[in-house]
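Engineer: Just coords.csv, nothing more (CSV, C-alpha atoms):
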chain,number,residue,atom,x,y,z
A,26,MET,CA,100.2,76.6,29.1
A,27,ARG,CA,96.4,77.1,28.8
A,28,TRP,CA,93.8,75.1,30.6
A,29,GLU,CA,92.8,72.9,27.6
A,30,PRO,CA,89.2,72.0,27.2
A,31,GLY,CA,88.2,68.5,25.9
A,32,THR,CA,87.5,65.1,27.3
A,33,PRO,CA,90.2,64.9,30.0
A,34,ARG,CA,88.9,68.2,31.4
A,35,ARG,CA,85.3,67.0,31.3
A,36,LEU,CA,86.3,63.8,33.1
A,37,GLN,CA,88.2,65.8,35.6
A,38,GLU,CA,85.3,68.1,36.3
A,39,ALA,CA,82.9,65.2,36.6
A,40,ALA,CA,85.3,63.4,38.9
A,41,LEU,CA,85.7,66.4,41.2
A,42,ARG,CA,82.0,66.8,41.5
A,43,LEU,CA,81.6,63.1,42.5
A,44,PHE,CA,84.6,63.1,44.8
A,45,ALA,CA,83.2,66.2,46.6
A,46,THR,CA,79.6,65.0,46.9
A,47,ARG,CA,80.0,61.2,47.2
A,48,GLY,CA,83.6,60.9,48.5
A,49,PHE,CA,86.8,59.9,46.8
A,50,GLU,CA,86.7,56.3,48.1
A,51,GLN,CA,83.1,55.8,47.1
A,52,THR,CA,83.6,57.0,43.5
A,53,THR,CA,84.7,54.6,40.7
A,54,ALA,CA,86.2,55.2,37.3
A,55,GLY,CA,83.0,53.9,35.8
A,56,ASP,CA,81.0,56.5,37.8
A,57,ILE,CA,83.2,59.3,36.5
A,58,ALA,CA,82.9,58.1,32.9
A,59,ASP,CA,79.1,57.9,33.3
A,60,ALA,CA,78.9,61.4,34.7
A,61,ALA,CA,81.0,62.8,31.9
A,62,GLY,CA,79.0,60.9,29.3
A,63,VAL,CA,81.8,58.7,28.0
A,64,THR,CA,82.6,55.0,28.2
A,65,GLU,CA,84.8,53.6,31.0
A,66,ARG,CA,87.2,52.7,28.2
A,67,THR,CA,87.5,56.3,27.2
A,68,PHE,CA,88.3,57.1,30.9
A,69,TYR,CA,91.2,54.7,30.8
A,70,ARG,CA,92.4,56.1,27.6
A,71,HIS,CA,93.2,59.3,29.5
A,72,PHE,CA,93.9,58.2,33.1
A,73,THR,CA,95.5,55.2,34.7
A,74,ASP,CA,93.1,55.4,37.6
A,75,LYS,CA,90.9,57.8,39.5
A,76,ARG,CA,93.8,59.2,41.5
A,77,GLU,CA,95.4,60.3,38.3
A,78,VAL,CA,92.5,62.6,37.6
A,79,LEU,CA,93.5,64.8,40.5
A,80,PHE,CA,97.1,65.0,39.2
A,81,PHE,CA,96.4,65.5,35.5
A,82,GLY,CA,98.5,68.3,34.1
A,83,GLN,CA,101.3,68.2,36.6
A,84,GLU,CA,103.9,67.8,33.8
A,85,SER,CA,102.7,71.1,32.4
A,86,LEU,CA,103.0,72.8,35.8
A,87,LEU,CA,106.5,71.5,36.1
A,88,ASP,CA,107.2,72.9,32.6
A,89,ALA,CA,105.8,76.2,33.6
A,90,PHE,CA,108.3,76.4,36.6
A,91,LEU,CA,111.2,75.3,34.4
A,92,THR,CA,110.4,77.7,31.6
A,93,GLY,CA,110.5,80.5,34.3
A,94,VAL,CA,114.0,79.3,35.4
A,95,THR,CA,115.4,79.2,31.8
A,96,SER,CA,113.9,82.5,30.7
A,97,ALA,CA,115.1,84.5,33.7
A,98,PRO,CA,117.8,87.1,32.7
A,99,ALA,CA,121.5,85.9,32.8
A,100,ALA,CA,122.3,88.4,35.6
A,101,ALA,CA,119.4,87.2,37.9
A,102,SER,CA,120.3,86.1,41.4
A,103,PRO,CA,119.2,82.5,42.5
A,104,LEU,CA,116.2,83.9,44.3
A,105,GLU,CA,115.3,86.2,41.4
A,106,ILE,CA,115.4,83.1,39.1
A,107,VAL,CA,113.1,81.3,41.5
A,108,ALA,CA,110.7,84.3,41.6
A,109,ALA,CA,110.6,84.1,37.8
A,110,ALA,CA,109.8,80.4,38.0
A,111,LEU,CA,106.9,81.2,40.4
A,112,HIS,CA,105.6,83.9,38.2
A,113,SER,CA,105.6,81.6,35.3
A,114,ALA,CA,103.9,78.8,37.3
A,115,ALA,CA,101.3,81.3,38.6
A,116,SER,CA,100.1,81.9,35.0
A,117,PHE,CA,99.1,78.3,35.0
A,118,PHE,CA,96.4,79.2,37.5
A,119,PRO,CA,94.1,81.8,36.1
A,120,ASP,CA,91.1,83.0,38.1
A,121,GLU,CA,88.7,80.6,36.3
A,122,ARG,CA,90.7,77.6,37.8
A,123,ARG,CA,90.3,78.9,41.4
A,124,SER,CA,87.0,77.1,42.1
A,125,PHE,CA,88.3,73.8,40.7
A,126,ALA,CA,91.5,74.2,42.8
A,127,ARG,CA,89.5,74.8,46.0
A,128,THR,CA,87.5,71.6,45.5
A,129,ARG,CA,90.6,69.6,44.6
A,130,ALA,CA,92.4,70.8,47.7
A,131,SER,CA,89.6,69.9,50.0
A,132,ILE,CA,89.5,66.4,48.5
A,133,ILE,CA,93.2,65.9,48.9
A,134,GLU,CA,93.1,67.3,52.5
A,135,HIS,CA,90.8,64.5,53.6
A,136,ASN,CA,92.9,61.6,52.1
A,137,PRO,CA,96.3,61.0,53.6
A,138,ALA,CA,97.5,58.9,50.5
A,139,LEU,CA,96.5,61.8,48.2
A,140,GLN,CA,98.3,64.3,50.6
A,141,GLU,CA,101.5,62.2,50.4
A,142,ARG,CA,101.2,62.2,46.6
A,143,GLU,CA,100.7,65.9,46.5
A,144,GLN,CA,103.7,66.6,48.7
A,145,HIS,CA,105.8,64.2,46.6
A,146,LYS,CA,104.7,66.1,43.4
A,147,LEU,CA,105.8,69.4,45.0
A,148,SER,CA,109.1,68.0,46.2
A,149,ASN,CA,109.7,66.7,42.7
A,150,ILE,CA,109.1,70.2,41.3
A,151,ALA,CA,111.5,71.7,43.8
A,152,ALA,CA,114.1,69.1,43.0
A,153,GLN,CA,113.8,69.8,39.3
A,154,VAL,CA,114.0,73.5,39.8
A,155,ALA,CA,117.2,73.0,41.9
A,156,THR,CA,118.7,70.9,39.0
A,157,ALA,CA,117.7,73.7,36.5
A,158,LEU,CA,119.4,76.2,38.8
A,159,ARG,CA,122.6,74.1,38.9
A,160,GLU,CA,122.5,74.0,35.1
A,161,ARG,CA,122.5,77.8,35.2
A,162,GLY,CA,125.7,77.7,37.3
A,163,VAL,CA,124.2,78.1,40.8
A,164,ALA,CA,126.3,76.2,43.4
A,165,GLU,CA,125.0,74.0,46.2
A,166,PRO,CA,123.5,74.5,48.7
A,167,ALA,CA,122.3,77.8,47.2
A,168,ALA,CA,120.5,75.9,44.4
A,169,THR,CA,118.5,73.7,46.7
A,170,LEU,CA,118.0,76.4,49.3
A,171,ALA,CA,116.6,78.8,46.6
A,172,ALA,CA,114.4,76.0,45.0
A,173,GLN,CA,113.0,74.9,48.3
A,174,THR,CA,112.4,78.4,49.4
A,175,GLY,CA,110.5,79.0,46.2
A,176,SER,CA,108.4,75.9,46.8
A,177,THR,CA,107.6,77.1,50.3
A,178,VAL,CA,106.5,80.5,49.0
A,179,PHE,CA,104.4,78.9,46.2
A,180,HIS,CA,102.7,76.5,48.7
A,181,ILE,CA,101.8,79.3,51.1
A,182,ALA,CA,100.7,81.6,48.3
A,183,PHE,CA,98.6,78.9,46.7
A,184,ALA,CA,96.9,78.1,50.0
A,185,GLN,CA,96.0,81.8,50.3
A,186,TRP,CA,94.8,81.9,46.7
A,187,ILE,CA,92.2,79.3,47.3
A,188,LYS,CA,90.9,80.7,50.6
A,189,PRO,CA,87.3,81.7,50.6
A,190,GLY,CA,86.9,85.4,49.8
A,191,GLU,CA,90.4,85.7,48.3
A,192,HIS,CA,90.3,87.5,45.0
A,193,ARG,CA,93.9,88.6,44.3
A,194,GLU,CA,95.9,86.9,41.6
A,195,LEU,CA,98.3,84.1,42.5
A,196,ALA,CA,101.3,85.9,41.1
A,197,ASP,CA,100.5,88.9,43.3
A,198,ILE,CA,100.1,86.8,46.4
A,199,ALA,CA,103.3,85.0,45.7
A,200,ALA,CA,105.2,88.3,45.3
A,201,ASP,CA,103.7,89.4,48.6
A,202,VAL,CA,104.8,86.2,50.4
A,203,PHE,CA,108.3,86.6,48.9
A,204,ALA,CA,108.4,90.2,50.4
A,205,GLN,CA,107.4,88.8,53.8
A,206,LEU,CA,110.1,86.2,53.6
A,207,GLU,CA,112.7,88.9,53.0
A,208,THR,CA,111.5,90.8,56.0
A,209,LEU,CA,111.6,87.7,58.1
A,210,ILE,CA,115.1,86.8,57.2
A,211,SER,CA,116.7,90.2,57.1
A,212,ALA,CA,115.0,91.8,60.2
A,213,PRO,CA,116.0,90.3,63.6
A,214,ALA,CA,113.8,90.6,66.6
B,28,MET,CA,116.5,62.7,74.0
B,29,ARG,CA,119.2,60.0,74.0
B,30,TRP,CA,119.5,57.2,71.5
B,31,GLU,CA,118.1,54.4,73.8
B,32,PRO,CA,119.6,51.0,73.6
B,33,GLY,CA,117.5,47.9,74.0
B,34,THR,CA,115.4,45.5,71.9
B,35,PRO,CA,113.8,48.1,69.6
B,36,ARG,CA,117.3,49.4,68.8
B,37,ARG,CA,118.7,45.9,68.2
B,38,LEU,CA,115.7,45.1,65.9
B,39,GLN,CA,116.4,48.4,64.1
B,40,GLU,CA,120.0,47.6,63.6
B,41,ALA,CA,119.3,44.1,62.4
B,42,ALA,CA,116.6,45.5,60.0
B,43,LEU,CA,118.9,48.1,58.5
B,44,ARG,CA,121.6,45.5,57.9
B,45,LEU,CA,119.1,43.2,56.1
B,46,PHE,CA,117.5,46.0,54.2
B,47,ALA,CA,120.9,47.2,53.0
B,48,THR,CA,122.2,43.8,52.0
B,49,ARG,CA,119.1,41.9,50.9
B,50,GLY,CA,116.8,44.8,49.9
B,51,PHE,CA,113.7,46.2,51.8
B,52,GLU,CA,111.2,44.3,49.7
B,53,GLN,CA,113.0,41.0,50.2
B,54,THR,CA,113.2,41.3,54.0
B,55,THR,CA,110.4,40.1,56.3
B,56,ALA,CA,109.6,40.9,59.9
B,57,GLY,CA,110.5,37.3,60.7
B,58,ASP,CA,113.9,37.7,59.1
B,59,ILE,CA,114.5,40.8,61.2
B,60,ALA,CA,113.4,39.0,64.4
B,61,ASP,CA,115.7,36.1,63.6
B,62,ALA,CA,118.7,38.3,63.0
B,63,ALA,CA,118.1,40.2,66.3
B,64,GLY,CA,117.7,36.9,68.2
B,65,VAL,CA,114.1,37.5,69.2
B,66,THR,CA,110.8,36.0,68.3
B,67,GLU,CA,108.6,37.4,65.6
B,68,ARG,CA,106.0,38.1,68.3
B,69,THR,CA,108.6,40.3,70.1
B,70,PHE,CA,109.1,42.2,66.8
B,71,TYR,CA,105.4,42.9,66.6
B,72,ARG,CA,105.4,44.1,70.2
B,73,HIS,CA,107.6,47.0,69.1
B,74,PHE,CA,106.7,47.6,65.5
B,75,THR,CA,103.5,47.4,63.4
B,76,ASP,CA,105.4,46.4,60.4
B,77,LYS,CA,108.9,46.5,58.8
B,78,ARG,CA,108.3,50.0,57.5
B,79,GLU,CA,107.8,51.2,61.1
B,80,VAL,CA,111.4,50.1,61.9
B,81,LEU,CA,112.7,52.9,59.7
B,82,PHE,CA,110.5,55.6,61.3
B,83,PHE,CA,111.0,54.5,64.9
B,84,GLY,CA,111.7,57.5,67.2
B,85,GLN,CA,110.0,60.1,65.0
B,86,GLU,CA,107.8,61.3,67.9
B,87,SER,CA,111.0,62.0,69.9
B,88,LEU,CA,112.4,63.9,67.0
B,89,LEU,CA,109.2,66.0,66.8
B,90,ASP,CA,109.5,66.6,70.5
B,91,ALA,CA,113.1,67.8,70.1
B,92,PHE,CA,111.9,70.4,67.6
B,93,LEU,CA,109.0,71.5,69.7
B,94,THR,CA,111.2,71.8,72.9
B,95,GLY,CA,113.5,74.1,70.9
B,96,VAL,CA,110.5,76.3,70.0
B,97,THR,CA,109.2,76.6,73.5
B,98,SER,CA,112.5,77.1,75.2
B,99,ALA,CA,113.7,79.9,72.9
B,100,PRO,CA,113.8,83.3,74.7
B,101,ALA,CA,110.7,85.4,74.6
B,102,ALA,CA,112.4,88.2,72.6
B,103,ALA,CA,113.5,85.8,69.8
B,104,SER,CA,112.4,86.5,66.2
B,105,PRO,CA,110.4,83.8,64.4
B,106,LEU,CA,113.6,82.7,62.6
B,107,GLU,CA,115.6,82.7,65.8
B,108,ILE,CA,113.0,80.4,67.3
B,109,VAL,CA,113.3,78.1,64.4
B,110,ALA,CA,117.1,78.1,64.7
B,111,ALA,CA,116.6,77.1,68.3
B,112,ALA,CA,114.3,74.3,67.2
B,113,LEU,CA,116.9,73.0,64.7
B,114,HIS,CA,119.7,73.2,67.3
B,115,SER,CA,117.5,71.1,69.7
B,116,ALA,CA,116.7,68.6,66.9
B,117,ALA,CA,120.4,68.3,65.9
B,118,SER,CA,121.2,67.0,69.4
B,119,PHE,CA,119.0,64.1,68.5
B,120,PHE,CA,121.7,63.0,65.9
B,121,PRO,CA,125.0,62.6,67.7
B,122,ASP,CA,128.0,61.4,65.7
B,123,GLU,CA,127.4,57.7,66.6
B,124,ARG,CA,124.1,57.8,64.7
B,125,ARG,CA,125.6,59.1,61.5
B,126,SER,CA,126.4,55.7,60.0
B,127,PHE,CA,122.9,54.4,60.8
B,128,ALA,CA,121.4,57.5,59.3
B,129,ARG,CA,123.5,57.0,56.1
B,130,THR,CA,122.2,53.5,55.7
B,131,ARG,CA,118.7,54.5,56.4
B,132,ALA,CA,118.8,57.3,53.9
B,133,SER,CA,120.1,55.0,51.1
B,134,ILE,CA,117.3,52.5,51.8
B,135,ILE,CA,114.6,55.2,51.7
B,136,GLU,CA,116.1,56.8,48.6
B,137,HIS,CA,115.5,53.6,46.6
B,138,ASN,CA,111.9,53.1,47.6
B,139,PRO,CA,109.3,55.7,46.4
B,140,ALA,CA,106.7,54.7,49.1
B,141,LEU,CA,109.3,55.2,51.8
B,142,GLN,CA,110.3,58.5,50.3
B,143,GLU,CA,106.7,59.7,50.3
B,144,ARG,CA,106.4,58.7,54.0
B,145,GLU,CA,109.7,60.4,54.9
B,146,GLN,CA,108.5,63.6,53.2
B,147,HIS,CA,105.2,63.4,54.9
B,148,LYS,CA,107.0,63.0,58.3
B,149,LEU,CA,109.1,66.1,57.6
B,150,SER,CA,106.0,68.1,56.5
B,151,ASN,CA,104.2,67.1,59.6
B,152,ILE,CA,107.1,68.3,61.8
B,153,ALA,CA,107.1,71.7,59.8
B,154,ALA,CA,103.3,72.0,60.3
B,155,GLN,CA,103.6,71.3,64.1
B,156,VAL,CA,106.5,73.8,64.4
B,157,ALA,CA,104.3,76.4,62.6
B,158,THR,CA,101.5,75.7,65.1
B,159,ALA,CA,104.0,76.1,68.0
B,160,LEU,CA,105.1,79.4,66.5
B,161,ARG,CA,101.5,80.6,66.3
B,162,GLU,CA,101.0,79.6,69.9
B,163,ARG,CA,104.0,81.9,70.7
B,164,GLY,CA,102.1,84.8,69.0
B,165,VAL,CA,103.8,84.7,65.5
B,166,ALA,CA,101.3,85.6,62.9
B,167,GLU,CA,100.7,84.0,59.5
B,168,PRO,CA,102.2,83.7,57.0
B,169,ALA,CA,105.4,84.4,59.0
B,170,ALA,CA,104.8,81.3,61.2
B,171,THR,CA,104.5,78.9,58.2
B,172,LEU,CA,107.3,80.7,56.3
B,173,ALA,CA,109.7,80.4,59.2
B,174,ALA,CA,108.7,76.8,60.0
B,175,GLN,CA,109.1,75.7,56.3
B,176,THR,CA,112.3,77.6,56.0
B,177,GLY,CA,113.6,75.7,59.0
B,178,SER,CA,112.5,72.5,57.5
B,179,THR,CA,114.4,73.3,54.3
B,180,VAL,CA,117.6,74.2,56.2
B,181,PHE,CA,117.3,71.0,58.3
B,182,HIS,CA,116.8,68.9,55.2
B,183,ILE,CA,119.8,70.3,53.4
B,184,ALA,CA,122.0,70.2,56.5
B,185,PHE,CA,121.0,66.6,57.2
B,186,ALA,CA,121.8,65.5,53.6
B,187,GLN,CA,125.2,67.1,54.1
B,188,TRP,CA,125.8,65.5,57.5
B,189,ILE,CA,125.4,62.0,56.0
B,190,LYS,CA,127.6,62.6,53.0
B,191,PRO,CA,130.7,60.4,52.8
B,192,GLY,CA,133.7,62.2,54.4
B,193,GLU,CA,131.6,64.8,56.3
B,194,HIS,CA,132.7,65.0,59.9
B,195,ARG,CA,131.2,68.3,61.2
B,196,GLU,CA,128.3,68.2,63.7
B,197,LEU,CA,124.8,68.5,62.4
B,198,ALA,CA,124.2,71.7,64.5
B,199,ASP,CA,127.3,73.4,62.9
B,200,ILE,CA,126.2,72.4,59.4
B,201,ALA,CA,122.7,73.7,60.1
B,202,ALA,CA,124.0,77.0,61.3
B,203,ASP,CA,126.2,77.3,58.2
B,204,VAL,CA,123.2,76.6,55.9
B,205,PHE,CA,121.2,79.2,57.8
B,206,ALA,CA,123.9,81.7,57.2
B,207,GLN,CA,123.9,80.9,53.5
B,208,LEU,CA,120.2,81.4,53.3
B,209,GLU,CA,120.6,84.8,54.8
B,210,THR,CA,123.1,85.7,52.2
B,211,LEU,CA,120.9,84.3,49.5
B,212,ILE,CA,117.8,86.4,50.6
B,213,SER,CA,119.5,89.6,51.5
B,214,ALA,CA,122.0,89.9,48.7
B,215,PRO,CA,120.6,90.7,45.2
B,216,ALA,CA,122.5,89.7,42.0
Reformat the file's structure so that it appears as structure tokens.

Structural biologist:
Amino acid sequence: MRWEPGTPRRLQEAALRLFATRGFEQTTAGDIADAAGVTERTFYRHFTDKREVLFFGQESLLDAFLTGVTSAPAAASPLEIVAAALHSAASFFPDERRSFARTRASIIEHNPALQEREQHKLSNIAAQVATALRERGVAEPAATLAAQTGSTVFHIAFAQWIKPGEHRELADIAADVFAQLETLISAPA
Amino acid sequence: MRWEPGTPRRLQEAALRLFATRGFEQTTAGDIADAAGVTERTFYRHFTDKREVLFFGQESLLDAFLTGVTSAPAAASPLEIVAAALHSAASFFPDERRSFARTRASIIEHNPALQEREQHKLSNIAAQVATALRERGVAEPAATLAAQTGSTVFHIAFAQWIKPGEHRELADIAADVFAQLETLISAPA
């Protein structure tokens, strides 16, 4: 679950730099290949198109969530299982990825089609976590509720993690947001 | 917040019938206009394209959520405000809309682009509810947590509401899912 170096990563870094300076629309696959010092053919060996560059590694992120679900103790409650999934996913984002994640988020924020794709990716993760919970014997709607709640916590924690000046680890922020959710639900006005 | 009759509705019903029988891709705006007994020009007076037919009325749905937020008592907790928003939104889906909602959901389910649009719509509602909560003085991340949690509950309740054989009202199902969420969060393994 490490952040692998190599050609895809170099292409991804070159792409992010170009998207951030020149704009996503104004950057071509050829520009990215040039900037990374490879041929356009090499680019297409790794990515279908320039959009894919921003979503590279998403299967590994999904795996990290699902590994967390399956490795949680047998006695864990649905929400504890989801907390384990988030903890596992958080290890996918070590501190050295934070700057990359910030740039990526700002590119996606400015492009509605990329935003929709990002949301779809997160929905898909939540749906697969719900399936994994059901496979562990969690009934509906508890499985979907727990998975979606985890997705909400992850989303909020991630947005905080990439805020300027934020230095805490993602796992710690996620644990904090989880605690705030418990307060919100259990404490009435 | 009523389900207004008239030309847009007739076009919408004709479109749903065609999408369900012939397929979304295989249906044109002209086909829909013909089936509704109006000209294609009339179709385009009401909708930008055939996709829009499926998302007609979404501003009114957003309004229903926001009216619920603003009309909740001053002393309401963030989650009570969100429950009020859901109750208000549920009144947007009386029993006579259930069959339409079922057909619409099955069309969207089979088309990834429509799914992404639907998810984007729901995300947008959640984001606007969070903004309305902040305007009521709810701090972050409580505002986003409460709004997203409400969105999750609504989504699950809605999916249940359109299940074959389900006869309960949407507001009752939503209240039930809310109660299950409280159990999930407050009760450890």

Engineer: Could you tell me how far CA of Phe90 in chain A lies from CA of Arg142 in chain A, in Å and to one decimal?

Structural biologist: 18.8 Å

Engineer: For Gln83 in chain A, find every residue with an atom within 12 Å (counting all atoms listed in the file), except residues of its own chain fewer than 3 positions away, and show them as a VMD selection string.

Structural biologist: chain A and resid 26 28 77 to 80 86 to 90 114 117 142 to 143 145 to 147 149 to 150

Engineer: Which polymer residues have any atom within 12 Å of an atom of range 35-49 of chain A, counting all atoms listed in the file, with same-chain residues fewer than 2 positions away left out, as number ranges by chain?

Structural biologist: A: 28-33, 51-65, 67-72, 74-82, 122, 124-139

Engineer: Find the residues of chain A in contact range of chain B, meaning any atom within 9 Å when counting all atoms listed in the file, and list them as a PyMOL selection string.

Structural biologist: chain A and resi 100-105+140-142+144-145+148+166-167+169-171+173-174+177-178+181+202+205-207+209-214

Engineer: Out of B:Ala99, B:Ser87, B:Phe120, B:Ala112, which residue has the shortest atom-to-atom distance to Ile189 in chain B when counting all atoms listed in the file?

Structural biologist: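 Comparing B:Ala99, B:Ser87, B:Phe120, B:Ala112 against Ile189 in chain B, the winner is B:Phe120.
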
Engineer: Suppose you want the space between CA of Ser96 in chain A and CA of Asp201 in chain A; what is it in Å?

Structural biologist: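 Separation between CA of Ser96 in chain A and CA of Asp201 in chain A: 21.7 Å.
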
Engineer: Using CA of Leu197 in chain B and CA of Ala110 in chain B as the two end points, give the distance in Å to one decimal.

Structural biologist: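 CA of Ala110 in chain B lies at a distance of 12.5 Å from CA of Leu197 in chain B.
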
Engineer: Can you complete the atoms of range 98-119 of chain A to N, CA and C atoms and list them as a compact mmCIF listing (two decimals), in the frame of the given file?

Structural biologist:
# COMPACT_ATOMS: atom_id res chain seq x y z
N PRO A 98 116.62 86.47 33.27
CA PRO A 98 117.80 87.10 32.70
C PRO A 98 119.12 86.48 33.27
N ALA A 99 120.17 86.54 32.46
CA ALA A 99 121.50 85.90 32.80
C ALA A 99 121.99 86.48 34.15
N ALA A 100 121.71 87.75 34.43
CA ALA A 100 122.30 88.40 35.60
C ALA A 100 121.42 88.16 36.88
N ALA A 101 120.31 87.43 36.76
CA ALA A 101 119.40 87.20 37.90
C ALA A 101 120.08 86.45 39.02
N SER A 102 119.80 86.81 40.26
CA SER A 102 120.30 86.10 41.40
C SER A 102 119.49 84.77 41.54
N PRO A 103 119.98 83.77 42.30
CA PRO A 103 119.20 82.50 42.50
C PRO A 103 117.78 82.77 42.87
N LEU A 104 117.58 83.68 43.82
CA LEU A 104 116.20 83.90 44.30
C LEU A 104 115.38 84.66 43.24
N GLU A 105 116.02 85.50 42.45
CA GLU A 105 115.30 86.20 41.40
C GLU A 105 114.86 85.15 40.31
N ILE A 106 115.72 84.19 40.05
CA ILE A 106 115.40 83.10 39.10
C ILE A 106 114.15 82.35 39.61
N VAL A 107 114.18 82.04 40.90
CA VAL A 107 113.10 81.30 41.50
C VAL A 107 111.80 82.14 41.46
N ALA A 108 111.92 83.44 41.69
CA ALA A 108 110.70 84.30 41.60
C ALA A 108 110.18 84.28 40.19
N ALA A 109 111.04 84.24 39.19
CA ALA A 109 110.60 84.10 37.80
C ALA A 109 109.87 82.82 37.55
N ALA A 110 110.39 81.75 38.15
CA ALA A 110 109.80 80.40 38.00
C ALA A 110 108.36 80.45 38.63
N LEU A 111 108.22 81.10 39.78
CA LEU A 111 106.90 81.20 40.40
C LEU A 111 105.95 82.02 39.60
N HIS A 112 106.46 83.07 39.03
CA HIS A 112 105.60 83.90 38.20
C HIS A 112 105.09 83.16 37.02
N SER A 113 105.97 82.38 36.41
CA SER A 113 105.60 81.60 35.30
C SER A 113 104.56 80.50 35.69
N ALA A 114 104.79 79.85 36.84
CA ALA A 114 103.90 78.80 37.30
C ALA A 114 102.51 79.42 37.68
N ALA A 115 102.52 80.65 38.19
CA ALA A 115 101.30 81.30 38.60
C ALA A 115 100.33 81.49 37.41
N SER A 116 100.92 81.71 36.22
CA SER A 116 100.10 81.90 35.00
C SER A 116 99.34 80.64 34.66
N PHE A 117 99.76 79.55 35.25
CA PHE A 117 99.10 78.30 35.00
C PHE A 117 97.76 78.21 35.79
N PHE A 118 97.56 79.14 36.72
CA PHE A 118 96.40 79.20 37.50
C PHE A 118 95.59 80.46 37.39
N PRO A 119 94.92 80.63 36.24
CA PRO A 119 94.10 81.80 36.10
C PRO A 119 92.89 81.77 37.00
